[in-house]
Each structure stands twice: as structure tokens, then as C-alpha cells.
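Contents: one structure, followed by commentary.
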Amino acid sequence: MTGYQEVMTDPSFKGQMVVFTYPLIGNYGINVNDFESKQPQVEAVIVSTLSNTGYHYESTQSLAEYCQAYSIPLISDVDTRAIVKQIRQHGDMRAIVTTTPEEVSFDEYEPLDQKDVIPDVAIGEQQTFGSGEQHIVVVDFGYKKSIVDSLVDLGLRVTITPFHTTAKEIEQLNPDGVFTLMDLVIQNASKICCKILSK
């Protein structure tokens, strides 16, 4: 997975602001092929220099237009490397985008590590891709499209199931293998089904 478009639509970034340290962001715009999910998952995008035009033959809109369409704050002309130095020193930090910092308080907002964001990024109904003889079941805790595409390209049939699918329901699908696509922190994932099964 590479590029700002993939990062912004990666379910593992749900609920987070993303700081890009590459000097120029937005120079190839947004296209319809490089999404990792159906919509952006980030809460805000912070860049050093923003390109307002996408110079790529597949570009359908600019990064700024994409963020505006989804009401995602896009902040530019920021020393992003200075921010990242702070993050490296202190770890992930809570943040609020506001023009009136004196009027907001972190106490009014639930910390991300206390939120259950899985229902917001996982599918609601079972989906199947590919038509290969070998059948893989992916339990979805927020899957990346590029990973499923790679499995299909290998000639596999891939069934994606909602995160709440039971072991019995998975067994009835008669898979050759089962695994999770899970970047988000889930304390009870092992209770559901997160190991490779072989026949």
C-alpha cells in the first residue's frame, strides 16, 4: 500500500488525523482505482505543501475537492516534520482541529482507544470475489481492498464475512483457509476466528 489516497482510505486509520511528511501532497489528485475502502477513514489531513491540481491521467478530482466532498479538514503550510518529531517522542497524541482552542476540552471527547470503531469500517453483509477453486474466508475487521485484490489475482476465491460472523457460520462456508485482515486493535478478536485453518 502506497500513496496518500490509499492511506486516507485505509480502515486502520479510522478516527485519526494523518500527518504527511512528504514535502508535496496532492500532485496526482484522486482516482477511482486506488481506494482501500469505499470512503475516507481519516478525521483530518495535515500536509506541508498542497498541490491544488492532480497531474495524472486517471485523476478525477483534486485532493482538496475530495476532502471537501467528505467534510474532512485539510490543513496545509504546516511544518509536518516538527509535528512528527513530537509524535516520535511522545507517541500517538490526541488532537483537536479548532480555531478557538480556548473553548474546547479533551474531556468532552471519548479517546479513540476507548471507541469501538469496527462496526464503522467493516462490511455488513457477506461478499465474495474471484472464482478460484481454493476458497479463503476473510473475517473483516476493516480490510484493505488491495489485499483482497492480490488474493484474487493469485487465483483464489475470497469470501469476506462481517466481524461478528460465528465460527459455525464460517465452517459452513467450507473454506480452505481462514484469516483476518485486522490492523485495528481488537481485544477479543481471538475469540472469533483469527488463525489459519487447513484441511
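By convention in this document, the chains of the C-alpha cells carry letters A, B, ... by their order, each chain's residues are numbered from 1, and ligands are numbered from 1 in the order they are shown.
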
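Look at Asn52 of chain A: the protein and nucleic acid residues within 7 Å of it, using only C-alpha atoms and passing over chain neighbours fewer than 2 places away, are A:Gly26, A:Leu50, A:Gly54, A:Ser62, A:Ala64.
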
**Message:** If we count only C-alpha atoms and set the cut-off at 7 Å, which residues sit around Phe20 of chain A, ignoring sequence neighbours fewer than 4 positions away in its own chain? Please answer as a ChimeraX atom specification.
**Reply:** /A:46-47,80

Can I get the selection written as a short mmCIF file (atom, residue, chain, number, x, y, z; two decimals), in the first residue's frame, with C-alpha atoms?
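Contents of result_20.cif, freshly written:
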```cif
data_model
loop_
_atom_site.label_atom_id
_atom_site.label_comp_id
_atom_site.auth_asym_id
_atom_site.auth_seq_id
_atom_site.Cartn_x
_atom_site.Cartn_y
_atom_site.Cartn_z
CA ILE A 46 -2.20 17.70 7.61
CA VAL A 47 0.37 18.46 4.92
CA THR A 80 4.77 18.46 9.44
#
```

**Item:** Within 10 Å of Leu154 of chain A using only C-alpha atoms, minus same-chain residues under 5 positions, as a list in words
**Value:** Gly130, Gly132, Val148 and Asp149 of chain A

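Compared by their closest atoms to Thr60 of chain A, and using only C-alpha atoms, the residues A:Met8, A:Val178, A:Val138, A:Val32 rank with A:Val32 nearest.
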
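Interatomic distance, atom CA of Gln68 of chain A to atom CA of Ala44 of chain A: 10.9 Å.
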